[in-house]
Amino acid sequence: MENLVYIALFAPLAGSLFAALFGMSKKNIITGIVTSTLIFISFVASAILFSHVMTVGPVHVRMMDWIMAGDMLIPFGFLVDQISVTMMTVVTLVSTVVHIYSNGYMDHDKSFNRFFSYLSAFVFSMMVLVMSDNFLGLFIGWEGVGVCSWLLIGFWYHKEDVSREVNPSISPSWAANEAFIMNRIADLGMLVGIFILYWNVGSLQYDVVFAALPNLSDGILVAAAVALFIGAMGKSAQFPLHTWLTDAMEGPTPVSALIHAATMVTAGVFLVIRANPLYSMEAVHWVSYFIAALGTFVAVFAASMALVNRDLKRIIAFSTLSQLGYMFAAAGLGAYWIALFHLAAHAFFKALLFLGAGNVMHAMDGELDIFKMGGLKKVMRWTYLYMGVASLALSGIGIAGIGFAGYFSKDAIIEVAFNEHTYVLWTILVLTAGLTAFYSFRQVFLTFHGNERYHALGIHPHEMYGYVLVALSPLAILAVVAGFYKDWFEHFVTKLLPEYHMSEHTHHIAWILGLLVIAFAVGGIVLAYIKYNRGLKRNEKLERSFVYRLLSNQYYIPIFYEKTISKPYAALSRFSWGTVDQKVVDATVDGIGKFIKTTGDTTRKIQTGNLSDYLRWMAGGALLLVAIAFVAFKLSQGAH
Amino acid sequence: MDGILTILLFFPLLAGLLGFVVNKDSIRAYGIAVASIEFLLSLWLWMSFDVTHAGFQFVENIPLVSDFGISYYVGVDGISLFIIIMATLMTLIGIIALNIKKDIKNLIITLLFLEVAMVGVFISLDAILFYLFWEFSLVPMLYIIGAWGGERRLYAAIKFFLYTFTGSLIMLVGMLYVAYVYHSVSGSWSFAITDWYALILPLDVEKWLFWAFFLGFAIKVPMFPFHTWLPYAHGQAPTVGSVILAAVLLKMGTYGFIRFSLPMFPDASVLYITPVAILAIIMIIYTAMVAYAQEDMKQTIAYSSVSHMGVIIIGTFAMNAEGITGSVFLMLSHGIVSGALFLLVGSIYDRRHTKLMSEFGGLASVMPKYAVIYGIMLMASVGLPLTIGFVGEYLSLAGFYKISPIMTVLAGTSIILGAVYMLNLYKRSFFGPVTHEANATLNDLDGKELAALVPLVLIVVWLGVYPKPVLVPIDNSVKALTSFMHEKAQTRVAKATIVVSKKNKEMK
Amino acid sequence: MIGLGHYLILSGILFSIGLVGVLRRKNLLMLFFATEIMLNAVNIAFAAISNHYHDMAGQMFAFFVIAVAASEVAVGLGLLVILYKKYGTLDLDAYTVMRG
């Protein structure tokens with residue numbers, strides 16, 4: 001089994017290095033094939049490990065020592081247990097699909113090889129993140145995915161900056177930097193969390209840390225929980241560190257599917273699930289509650305922004321943000337396995353949604369404005385089907401135990417909120433389910449139904465390559481059927497994660513709650529159908545209204561950040577350099593130098609060259625010395 | 001092997017003197033050969049180094065002025081060993097990458113003399129010897145900046161010389177006072193620092209001496225507010241000068257803290273943790289901001305050096321094995337990474353004769369190899385895990401967390417602010433469309449430049465993934481240092497602060 | 001009775017005369033004379049104190065001073081002659097070669 005662990009982990013790295021060899025040369029289809037195959041091998045290894053974990057139990061390997069200093073000993077150790085193997089399987093499965101998809105999508109890109117190198121490197125980092133057996137190992141993957149995300153968002157680095165006012169789009173390199181820096185802010189929190197654990201436990205191994213938790217004082221537990229969650233907030237783009245996620249849509253679409261929907265952004269949720277012994281401690285219950293509340297807030301907050309957005313990918317990005325909120329709500333309320341289940345189900349249908357959007361974008365020559373699309377279902381039948389299925393799954397459609405993946409996972413989360421008597425959260429989550437259905441189908445209808453507005457642009461859309469569509473089918477199937485494995489999954493992961501039981505009361509009225517949620521979801525779809533099925537009828541008055549502008553400008557938060565953080569920071573930097581450094585610090589140093597020089601210049605005049613002047617100075621000096629000696633003599637006599 | 005340190009010290013000196021008679025055309029090859037041999041000698045030193053032994057090794061002690069206890073007393077331990085290897089490596093890399101035609105013979109001979117001074121500083125165990133090499137190192141650098149520098153080279157060179165010289169003189173006074181105290185206590189003169197370690201000074205004397213040494217070291221590091229000579233020196237120095245200056249000469253300051261201040265004045269060091277840490281934090285945050293405001297690529301990297309040196313100081317004053325080991329490791333990684341970054345800036349300067357970021361843009365499209373290596377070094381500089389930059393930064397901050405969580409968070413902003421200015425630099429220079437005609441036809445890195453940079457890339461990755469061979473010897477010596485400080489500390493506060501590592505790695 | 005004090009006062013007066021001469025006179029020859037007066041003032045002090053303490057060292061020193069003064073005058077006058085030949089004057093203010 002040990003070899004399988006290494007194969008699962010290092011196959012993507014091998015692929016990445018292989019592709020990197022050709023990184024600067026012309027497109028070579030071999031790199032695409034080799035990397036895809038290696039990722040598939042990694043997936044197979046993960047799947048075998050999955051069955052191994054299910055039948056035998058976790059695998060723990062220790063490769064070698066990494067950092068040793070003082071009492072700190074950090075190994076490269078890898079732990080394949082129920083949580084990590086679930087993540088591994090999901091990550092490698094989605095990655096395989098995305099790799100195959102990218103072969104088609106990046107077909108015409110001149111940096112084809114470089115793309116696959118980055119993409120596989122990302123998968124490797126993600127595997128390190130989920131497989132590590134200690135917090136610092138997780139941090140390696142954590143930063144690794146950050147860098148790969150930076151590389152991939154900024155993949156089309158040659159594009160120029162476009163200002164915000166004209167177009168919500170900015171440049172890829174700008175978005176890449178934003179994502180990296182915002183994540184770094186959160187990473188500092190994570191690092192502090194690691195320090196807290198290290199100095200109070202003496203180790204960073206998960207098992208040691210979790211075993212030592214009951215001996216720690218409440219304050220330390222709270223500090224560690226908060227610090228680690230700050231790290232999670234950055235990676236999972238929770239408010240107020242969320243703006244980078246939508247801007248990250250500047251990257252190529254497969255990247256958005258893989259990183260910004262299925263894998264990297266769920267790392268924060270993964271961290272909370274992984275550290276569940278910490279977050280289940282009695283002392284930190286309010287931190288957990290805060291996580292749930294923040295998650296709920298982000299769920300509705302992001303959904304509201306998705307309502308009015310016109311950019312196909314950004315709508316999906318907002319929806320990702322919203323679903324991440326759901327996951328945090330579940331994790332915060334203690335239903336870790338449900339959070340993990342939603343994470344997996346979400347990965348399938350959200351990746352499918354993104355890749356479908358990629359198909360549309362490919363067909364539309366890179367156009368992303370859904371107001372300029374419409375009627376695409378005639379030319380893109382399969383894509384329409386896939387995106388429809390994914391949207392149904394996202395909306396959580398289903399009834400009486402039969403339904404799409406999202407129905408099982410999201411419903412369970414809403415039920416948990418009810419069960420915990422957090423009715424405010426429950427109400428908001430139910431409401432958000434309605435919003436989710438509305439914006440998903442607004443997008444579907446505007447894209448695929450109604451009048452064909454793209455003619456005005458002179459575009460001739462076409463369906464994606466056949467093999468790409470075939471490659472997408474596993475995701476589509478999983479988006480439909482994943483939900484049926486809920487009980488089986490529960491049984492599997494609750495060997496490690498705490499079980500979660502609904503109270504008797506909740507159990508009884510569960511079907512009513514379920515119906516309510518479905519009612520909201522169906523209501524949302526129907527509303528979207530009524531409004532957008534026939535085509536786009538723009539309502540100028542509505543678009544000028546305050547609320548609409550507030551939502552479409554993302555609550556003015558990006559502008560707010562720009563005005564209150566970026567610009568003042570730049571101004572303060574220039575002040576520090578121009579005024580403080582040059583005019584104060586350096587001027588003081590030069591001032592001392594100048595003072596000495598001026599003193600020399602002034603006193604130089606004594607040196608007249610005239611002997612009689614010198615004699616006078618000498619006599620004066622001698623007299624002065626005699627006087628000083630005399631005074632000193634008198635003083636010393638006086639002292640005795 | 002006895003005498004290896006003497007060979008290491010005098011080989012470049014003799015080779016440098018011989019260099020005067022070498023033909024001008026073959027001097028480059030000669031320089032590379034000498035520097036390679038010296039580098040191999042330092043590797044040999046590592047091979048023969050006993051990693052389980054924490055104290056000084058290869059010790060040689062020959063009295064020079066026995067009436068005053070001055071002797072040729074040299075030795076290395078885990079702390080100095082790798083700095084010496086790095087010094088010889090960076091000299092070699094600097095000579096390989098040399099792209100100067102003017103007076104190349106003098107330049108190479110100067111570099112070899114500079115190498116003597118650098119090795120001398122790090123192997124000296126006699127304060128006078130240390131001081132001699134410390135001051136001697138200024139002269140070749142003064143010459144390099146003054147003779148091969150940019151437009152304002154004389155101003156920069158003289159500022160560099162006078163500023164650091166002033167600090168060292170105060171340090172010399174401190175050294176003489178320690179010797180005087182030693183004389184009055186033991187009745188004989190000695191400048192051997194191992195003898196000085198045994199000296200238990202009264203606390204108020206420790207305080208004064210701490211600040212005397214502090215000034216000497218702080219100006220060299222350079223710590224805020226004594227840092228303003230550095231941007232001028234870097235701005236005007238030729239590439240090779242900047243490489244050596246950033247990689248090795250700055251480390252002399254932080255090395256001095258570990259070799260002198262901590263073991264000799266443990267109580268004062270503990271007492272002044274807070275003021276020193278505050279200076280270091282100002283240095284980290286403030287210079288990171290200043291770096292962000294720069295228009296000149298080289299200036300950004302120069303200020304980023306200052307910012308990173310702040311983290312080294314933080315680690316040193318953590319007073320525990322994690323922090324000090326981290327800071328020593330960070331000295332190595334900063335040396336490699338900033339050296340490489342200066343080389344990279346030098347490459348583009350050779351092509352375009354400007355270092356202004358606004359003159360570039362879109363370089364990634366024209367010079368992909370250059371962009372890749374620059375990217376790797378940039379990531380190492382911002383402390384990405386699995387690159388050399390992370391290990392030291394992480395350990396330094398982790399160590400200091402034990403002293404003060406709040407100050408660690410403030411110092412930790414270096415990982416954010418570092419990313420801000422570095423990514424800004426990268427975006428402005430490498431990303432976006434190619435806006436200047438002159439940039440469209442630039443050549444990518446040539447063989448010579450790759451020969452200099454690729455080894456550094458390999459080291460950056462190797463020591464990032466597997467730092468153990470370097471960390472263990474450092475850690476052993478640092479543990480010996482902390483337990484020694486603990487024993488020597490007189491006040492309970494100091495004893496409590498100096499966390500001694502209880503577990504010993506060899507026991508396992 | 002003439003005591004030690006009288007001698008020392010005489011010595012002091014002579015020294016002051018010499019000092020004023022050194023400061024006020026502009027002619028180098030006159031400076032030499034003034035210096036000689038100062039030296040002899042010191043000689044008087046030496047001899048007197050030597051007598052007072054019955055210690056011959058002081059008188060010995062006075063002889064030394066006389067001998068040194070004589071050789072100094074010999075060399076100094078030689079230099080003055082050369083200076084006079086070169087500049088045509090012995091006026092102090094005329095020499096400002098060392099002006100800084």
# chains A, B, ... in the order shown; residues from 1 in each chain; ligands from 1
$ interface_residues --of "chain C" --to "chain A" --cutoff "9 Å" --atoms "only C-alpha atoms" --output "VMD selection string"
chain C and resid 19 22 to 26 92 to 100
$ write_last_selection --atoms "N, CA and C atoms" --output "compact mmCIF listing (two decimals), in the first residue's frame"
# COMPACT_ATOMS: atom_id res chain seq x y z
N LEU C 19 58.02 85.82 26.97
CA LEU C 19 56.78 85.40 26.32
C LEU C 19 56.16 86.54 25.53
N VAL C 22 58.03 87.05 22.46
CA VAL C 22 57.69 86.05 21.43
C VAL C 22 56.38 86.42 20.74
N LEU C 23 55.43 86.86 21.54
CA LEU C 23 54.11 87.14 20.96
C LEU C 23 54.11 88.45 20.18
N ARG C 24 54.87 89.44 20.64
CA ARG C 24 54.73 90.77 20.05
C ARG C 24 55.72 91.03 18.92
N ARG C 25 56.90 90.51 19.04
CA ARG C 25 57.91 90.85 18.05
C ARG C 25 57.63 90.18 16.71
N LYS C 26 57.96 90.88 15.61
CA LYS C 26 57.71 90.32 14.29
C LYS C 26 59.00 89.86 13.62
N LEU C 92 58.04 88.00 10.30
CA LEU C 92 57.24 86.77 10.46
C LEU C 92 56.03 86.74 9.53
N ASP C 93 55.33 87.88 9.44
CA ASP C 93 54.07 87.89 8.69
C ASP C 93 54.27 87.68 7.19
N ALA C 94 55.51 87.73 6.78
CA ALA C 94 55.76 87.52 5.35
C ALA C 94 55.71 86.04 5.00
N TYR C 95 55.86 85.20 5.99
CA TYR C 95 55.88 83.75 5.70
C TYR C 95 54.49 83.16 5.92
N THR C 96 53.75 82.85 4.84
CA THR C 96 52.44 82.20 5.00
C THR C 96 52.33 81.02 4.06
N VAL C 97 53.45 80.34 3.88
CA VAL C 97 53.44 79.21 2.95
C VAL C 97 52.49 78.11 3.43
N MET C 98 52.34 77.93 4.73
CA MET C 98 51.56 76.83 5.29
C MET C 98 50.08 77.17 5.45
N ARG C 99 49.65 78.23 4.79
CA ARG C 99 48.24 78.63 4.95
C ARG C 99 47.30 77.49 4.52
N GLY C 100 46.34 77.18 5.39
CA GLY C 100 45.47 76.04 5.13
C GLY C 100 44.32 76.36 4.22
$ residues_around --residues "A:Glu499" --least-positions-apart "5" --cutoff "12 Å" --atoms "only C-alpha atoms" --output "list in words"
Asn276, Ser280, Gly334, Ala335, Tyr336, Trp337, Ile338, Asp487, Phe489, Glu490, His491, Phe492, Val493 and Thr494 of chain A
$ write_last_selection --atoms "N, CA and C atoms" --output "short mmCIF file (atom, residue, chain, number, x, y, z; two decimals), in the first residue's frame"
data_model
loop_
_atom_site.label_atom_id
_atom_site.label_comp_id
_atom_site.auth_asym_id
_atom_site.auth_seq_id
_atom_site.Cartn_x
_atom_site.Cartn_y
_atom_site.Cartn_z
N ASN A 276 -11.24 18.67 13.13
CA ASN A 276 -12.53 18.59 13.84
C ASN A 276 -12.40 18.32 15.33
N SER A 280 -14.46 20.69 17.75
CA SER A 280 -15.55 20.12 18.54
C SER A 280 -15.36 20.36 20.02
N GLY A 334 -20.99 21.29 13.48
CA GLY A 334 -20.56 19.99 14.00
C GLY A 334 -20.86 18.82 13.09
N ALA A 335 -21.51 19.10 11.96
CA ALA A 335 -21.83 18.01 11.03
C ALA A 335 -20.70 17.89 10.02
N TYR A 336 -19.54 17.41 10.49
CA TYR A 336 -18.36 17.42 9.63
C TYR A 336 -18.53 16.51 8.43
N TRP A 337 -19.13 15.36 8.67
CA TRP A 337 -19.21 14.43 7.54
C TRP A 337 -20.14 14.96 6.47
N ILE A 338 -21.16 15.73 6.89
CA ILE A 338 -22.06 16.30 5.89
C ILE A 338 -21.32 17.37 5.09
N ASP A 487 -25.69 7.33 2.48
CA ASP A 487 -25.63 6.50 3.69
C ASP A 487 -24.34 5.70 3.74
N PHE A 489 -21.59 6.52 2.33
CA PHE A 489 -20.50 7.46 2.61
C PHE A 489 -20.46 7.80 4.10
N GLU A 490 -21.63 7.99 4.66
CA GLU A 490 -21.71 8.31 6.08
C GLU A 490 -21.06 7.21 6.90
N HIS A 491 -21.44 5.99 6.55
CA HIS A 491 -20.90 4.83 7.25
C HIS A 491 -19.37 4.81 7.15
N PHE A 492 -18.89 5.17 5.96
CA PHE A 492 -17.45 5.11 5.70
C PHE A 492 -16.70 6.17 6.50
N VAL A 493 -17.12 7.42 6.41
CA VAL A 493 -16.31 8.47 7.03
C VAL A 493 -16.55 8.62 8.52
N THR A 494 -17.68 8.17 9.01
CA THR A 494 -17.91 8.38 10.44
C THR A 494 -17.09 7.42 11.29
#
$ select_by_dssp --residues "chain C" --states "helix (DSSP H, G or I)" --output "MDAnalysis selection string"
chainID C and resid 4:24 28:53 57:87 92:94
$ closest_residue --among "B:Phe113, B:Tyr374, B:Phe484, B:Tyr303" --to "B:Leu450" --atoms "only C-alpha atoms"
B:Tyr374
$ residues_around --residues "stretch 36-53 of chain C" --least-positions-apart "4" --cutoff "12 Å" --atoms "only C-alpha atoms" --output "PDB file with N, CA and C atoms, in the first residue's frame"
ATOM      1  N   ILE C   2      67.764  87.352  50.693  1.00  0.00           N
ATOM      2  CA  ILE C   2      67.125  86.968  49.413  1.00  0.00           C
ATOM      3  C   ILE C   2      66.826  85.481  49.455  1.00  0.00           C
ATOM      4  N   GLY C   3      65.546  85.129  49.384  1.00  0.00           N
ATOM      5  CA  GLY C   3      65.148  83.721  49.500  1.00  0.00           C
ATOM      6  C   GLY C   3      64.782  83.117  48.153  1.00  0.00           C
ATOM      7  N   LEU C   4      64.257  81.920  48.200  1.00  0.00           N
ATOM      8  CA  LEU C   4      63.855  81.209  46.983  1.00  0.00           C
ATOM      9  C   LEU C   4      62.781  81.979  46.218  1.00  0.00           C
ATOM     10  N   GLY C   5      61.869  82.546  47.003  1.00  0.00           N
ATOM     11  CA  GLY C   5      60.768  83.300  46.385  1.00  0.00           C
ATOM     12  C   GLY C   5      61.260  84.384  45.476  1.00  0.00           C
ATOM     13  N   HIS C   6      62.259  85.124  45.906  1.00  0.00           N
ATOM     14  CA  HIS C   6      62.756  86.215  45.065  1.00  0.00           C
ATOM     15  C   HIS C   6      63.269  85.701  43.756  1.00  0.00           C
ATOM     16  N   TYR C   7      64.038  84.628  43.839  1.00  0.00           N
ATOM     17  CA  TYR C   7      64.561  84.058  42.599  1.00  0.00           C
ATOM     18  C   TYR C   7      63.429  83.644  41.655  1.00  0.00           C
ATOM     19  N   LEU C   8      62.435  82.995  42.251  1.00  0.00           N
ATOM     20  CA  LEU C   8      61.347  82.502  41.399  1.00  0.00           C
ATOM     21  C   LEU C   8      60.581  83.667  40.786  1.00  0.00           C
ATOM     22  N   ILE C   9      60.403  84.750  41.563  1.00  0.00           N
ATOM     23  CA  ILE C   9      59.717  85.910  41.008  1.00  0.00           C
ATOM     24  C   ILE C   9      60.514  86.490  39.860  1.00  0.00           C
ATOM     25  N   LEU C  10      61.815  86.609  40.065  1.00  0.00           N
ATOM     26  CA  LEU C  10      62.678  87.114  38.989  1.00  0.00           C
ATOM     27  C   LEU C  10      62.522  86.226  37.752  1.00  0.00           C
ATOM     28  N   SER C  11      62.562  84.913  38.018  1.00  0.00           N
ATOM     29  CA  SER C  11      62.432  83.963  36.906  1.00  0.00           C
ATOM     30  C   SER C  11      61.106  84.166  36.190  1.00  0.00           C
ATOM     31  N   GLY C  12      60.066  84.345  36.974  1.00  0.00           N
ATOM     32  CA  GLY C  12      58.732  84.542  36.368  1.00  0.00           C
ATOM     33  C   GLY C  12      58.692  85.798  35.544  1.00  0.00           C
ATOM     34  N   ILE C  13      59.285  86.904  36.103  1.00  0.00           N
ATOM     35  CA  ILE C  13      59.249  88.174  35.365  1.00  0.00           C
ATOM     36  C   ILE C  13      60.005  88.028  34.061  1.00  0.00           C
ATOM     37  N   LEU C  14      61.190  87.414  34.152  1.00  0.00           N
ATOM     38  CA  LEU C  14      61.979  87.235  32.931  1.00  0.00           C
ATOM     39  C   LEU C  14      61.222  86.399  31.899  1.00  0.00           C
ATOM     40  N   PHE C  15      60.561  85.316  32.382  1.00  0.00           N
ATOM     41  CA  PHE C  15      59.823  84.444  31.471  1.00  0.00           C
ATOM     42  C   PHE C  15      58.701  85.207  30.783  1.00  0.00           C
ATOM     43  N   SER C  16      58.028  86.035  31.582  1.00  0.00           N
ATOM     44  CA  SER C  16      56.920  86.804  30.998  1.00  0.00           C
ATOM     45  C   SER C  16      57.441  87.768  29.950  1.00  0.00           C
ATOM     46  N   ILE C  17      58.585  88.409  30.278  1.00  0.00           N
ATOM     47  CA  ILE C  17      59.159  89.338  29.286  1.00  0.00           C
ATOM     48  C   ILE C  17      59.436  88.582  27.995  1.00  0.00           C
ATOM     49  N   GLY C  18      60.030  87.395  28.173  1.00  0.00           N
ATOM     50  CA  GLY C  18      60.330  86.581  26.993  1.00  0.00           C
ATOM     51  C   GLY C  18      59.070  86.221  26.242  1.00  0.00           C
ATOM     52  N   LEU C  19      58.018  85.817  26.968  1.00  0.00           N
ATOM     53  CA  LEU C  19      56.782  85.398  26.324  1.00  0.00           C
ATOM     54  C   LEU C  19      56.156  86.543  25.530  1.00  0.00           C
ATOM     55  N   VAL C  20      56.129  87.723  26.193  1.00  0.00           N
ATOM     56  CA  VAL C  20      55.577  88.894  25.493  1.00  0.00           C
ATOM     57  C   VAL C  20      56.400  89.181  24.254  1.00  0.00           C
ATOM     58  N   GLY C  21      57.711  89.033  24.416  1.00  0.00           N
ATOM     59  CA  GLY C  21      58.561  89.251  23.248  1.00  0.00           C
ATOM     60  C   GLY C  21      58.210  88.296  22.124  1.00  0.00           C
ATOM     61  N   VAL C  22      58.026  87.048  22.460  1.00  0.00           N
ATOM     62  CA  VAL C  22      57.689  86.053  21.426  1.00  0.00           C
ATOM     63  C   VAL C  22      56.383  86.421  20.743  1.00  0.00           C
ATOM     64  N   LEU C  29      64.757  87.426  14.391  1.00  0.00           N
ATOM     65  CA  LEU C  29      65.938  87.554  15.230  1.00  0.00           C
ATOM     66  C   LEU C  29      65.526  87.933  16.639  1.00  0.00           C
ATOM     67  N   MET C  30      64.571  88.854  16.716  1.00  0.00           N
ATOM     68  CA  MET C  30      64.080  89.278  18.019  1.00  0.00           C
ATOM     69  C   MET C  30      63.397  88.106  18.732  1.00  0.00           C
ATOM     70  N   LEU C  31      62.713  87.261  17.961  1.00  0.00           N
ATOM     71  CA  LEU C  31      62.060  86.081  18.534  1.00  0.00           C
ATOM     72  C   LEU C  31      63.087  85.169  19.199  1.00  0.00           C
ATOM     73  N   PHE C  32      64.229  85.063  18.527  1.00  0.00           N
ATOM     74  CA  PHE C  32      65.287  84.244  19.100  1.00  0.00           C
ATOM     75  C   PHE C  32      65.735  84.791  20.433  1.00  0.00           C
ATOM     76  N   ALA C  57      70.764  67.930  40.721  1.00  0.00           N
ATOM     77  CA  ALA C  57      70.122  67.604  39.437  1.00  0.00           C
ATOM     78  C   ALA C  57      69.642  68.861  38.729  1.00  0.00           C
ATOM     79  N   GLY C  58      69.110  69.806  39.483  1.00  0.00           N
ATOM     80  CA  GLY C  58      68.588  71.034  38.875  1.00  0.00           C
ATOM     81  C   GLY C  58      69.679  71.797  38.162  1.00  0.00           C
ATOM     82  N   GLN C  59      70.853  71.926  38.838  1.00  0.00           N
ATOM     83  CA  GLN C  59      71.939  72.688  38.199  1.00  0.00           C
ATOM     84  C   GLN C  59      72.437  71.964  36.960  1.00  0.00           C
ATOM     85  N   MET C  60      72.427  70.647  37.069  1.00  0.00           N
ATOM     86  CA  MET C  60      72.842  69.857  35.913  1.00  0.00           C
ATOM     87  C   MET C  60      71.945  70.154  34.718  1.00  0.00           C
ATOM     88  N   PHE C  61      70.636  70.226  35.034  1.00  0.00           N
ATOM     89  CA  PHE C  61      69.678  70.528  33.976  1.00  0.00           C
ATOM     90  C   PHE C  61      69.941  71.892  33.395  1.00  0.00           C
ATOM     91  N   ALA C  62      70.272  72.843  34.271  1.00  0.00           N
ATOM     92  CA  ALA C  62      70.529  74.198  33.774  1.00  0.00           C
ATOM     93  C   ALA C  62      71.680  74.170  32.778  1.00  0.00           C
ATOM     94  N   PHE C  63      72.721  73.372  33.070  1.00  0.00           N
ATOM     95  CA  PHE C  63      73.831  73.262  32.107  1.00  0.00           C
ATOM     96  C   PHE C  63      73.374  72.661  30.796  1.00  0.00           C
ATOM     97  N   PHE C  64      72.572  71.648  30.946  1.00  0.00           N
ATOM     98  CA  PHE C  64      72.015  71.039  29.730  1.00  0.00           C
ATOM     99  C   PHE C  64      71.324  72.083  28.884  1.00  0.00           C
ATOM    100  N   VAL C  65      70.464  72.870  29.552  1.00  0.00           N
ATOM    101  CA  VAL C  65      69.693  73.870  28.821  1.00  0.00           C
ATOM    102  C   VAL C  65      70.624  74.853  28.123  1.00  0.00           C
ATOM    103  N   ILE C  66      71.683  75.248  28.834  1.00  0.00           N
ATOM    104  CA  ILE C  66      72.603  76.205  28.214  1.00  0.00           C
ATOM    105  C   ILE C  66      73.234  75.607  26.965  1.00  0.00           C
ATOM    106  N   ALA C  67      73.622  74.328  27.111  1.00  0.00           N
ATOM    107  CA  ALA C  67      74.272  73.683  25.967  1.00  0.00           C
ATOM    108  C   ALA C  67      73.308  73.558  24.802  1.00  0.00           C
ATOM    109  N   VAL C  68      72.089  73.111  25.117  1.00  0.00           N
ATOM    110  CA  VAL C  68      71.103  72.937  24.043  1.00  0.00           C
ATOM    111  C   VAL C  68      70.786  74.283  23.413  1.00  0.00           C
ATOM    112  N   ALA C  69      70.643  75.328  24.248  1.00  0.00           N
ATOM    113  CA  ALA C  69      70.302  76.641  23.719  1.00  0.00           C
ATOM    114  C   ALA C  69      71.399  77.120  22.773  1.00  0.00           C
ATOM    115  N   ALA C  70      72.629  76.847  23.147  1.00  0.00           N
ATOM    116  CA  ALA C  70      73.723  77.303  22.301  1.00  0.00           C
ATOM    117  C   ALA C  70      73.666  76.638  20.944  1.00  0.00           C
ATOM    118  N   SER C  71      73.469  75.304  20.965  1.00  0.00           N
ATOM    119  CA  SER C  71      73.429  74.627  19.666  1.00  0.00           C
ATOM    120  C   SER C  71      72.201  75.057  18.869  1.00  0.00           C
ATOM    121  N   GLU C  72      71.128  75.292  19.571  1.00  0.00           N
ATOM    122  CA  GLU C  72      69.907  75.728  18.893  1.00  0.00           C
ATOM    123  C   GLU C  72      70.127  77.070  18.201  1.00  0.00           C
ATOM    124  N   VAL C  73      70.792  77.965  18.906  1.00  0.00           N
ATOM    125  CA  VAL C  73      71.056  79.278  18.317  1.00  0.00           C
ATOM    126  C   VAL C  73      71.937  79.130  17.089  1.00  0.00           C
ATOM    127  N   GLY C  76      69.734  77.671  14.446  1.00  0.00           N
ATOM    128  CA  GLY C  76      68.657  78.615  14.123  1.00  0.00           C
ATOM    129  C   GLY C  76      69.184  79.801  13.348  1.00  0.00           C
TER     130      GLY C  76
END
$ closest_residue --among "A:Gln205, A:Gln637, A:Thr320, A:Thr588" --to "A:His60" --atoms "only C-alpha atoms"
A:Gln205
$ interface_residues --of "chain A" --to "chain B" --cutoff "7 Å" --atoms "only C-alpha atoms" --output "ChimeraX atom specification"
/A:66-71,140,143,157-160,173,177,181,184-185,188,195,570,573-574,576-577,585-586
$ atom_distance --atom1 "atom CA of A:Trp511" --atom2 "atom CA of A:Val480"
20.9 Å
$ atom_distance --atom1 "atom CA of A:Ala257" --atom2 "atom CA of A:His449"
23.5 Å
$ atom_distance --atom1 "atom CA of B:Ile123" --atom2 "atom CA of B:Glu487"
24.9 Å
$ residues_around --residues "A:Gly141" --least-positions-apart "3" --cutoff "6 Å" --atoms "only C-alpha atoms" --output "MDAnalysis selection string"
chainID A and resid 125:126 128:129 138 144:145
$ closest_residue --among "B:Val311, B:Glu115, B:Ile100, B:Trp46" --to "B:Phe11" --atoms "only C-alpha atoms"
B:Glu115
$ residues_around --residues "B:Ala277" --least-positions-apart "6" --cutoff "10 Å" --atoms "only C-alpha atoms" --output "ChimeraX atom specification"
/B:283,310-311,313-318,400,404,407-408,411
$ write_last_selection --atoms "C-alpha atoms" --output "short mmCIF file (atom, residue, chain, number, x, y, z; two decimals), in the first residue's frame"
data_model
loop_
_atom_site.label_atom_id
_atom_site.label_comp_id
_atom_site.auth_asym_id
_atom_site.auth_seq_id
_atom_site.Cartn_x
_atom_site.Cartn_y
_atom_site.Cartn_z
CA MET B 283 12.86 47.28 9.76
CA GLY B 310 14.95 41.93 10.14
CA VAL B 311 13.56 38.42 10.29
CA ILE B 313 17.43 39.49 13.84
CA ILE B 314 14.05 38.39 15.18
CA GLY B 315 15.16 34.77 15.01
CA THR B 316 18.48 35.51 16.69
CA PHE B 317 16.83 37.29 19.58
CA ALA B 318 14.33 34.49 20.06
CA PHE B 400 10.18 34.24 18.42
CA SER B 404 6.07 37.44 22.10
CA MET B 407 5.47 40.86 17.90
CA THR B 408 5.65 37.62 15.93
CA ALA B 411 7.11 40.40 12.12
#
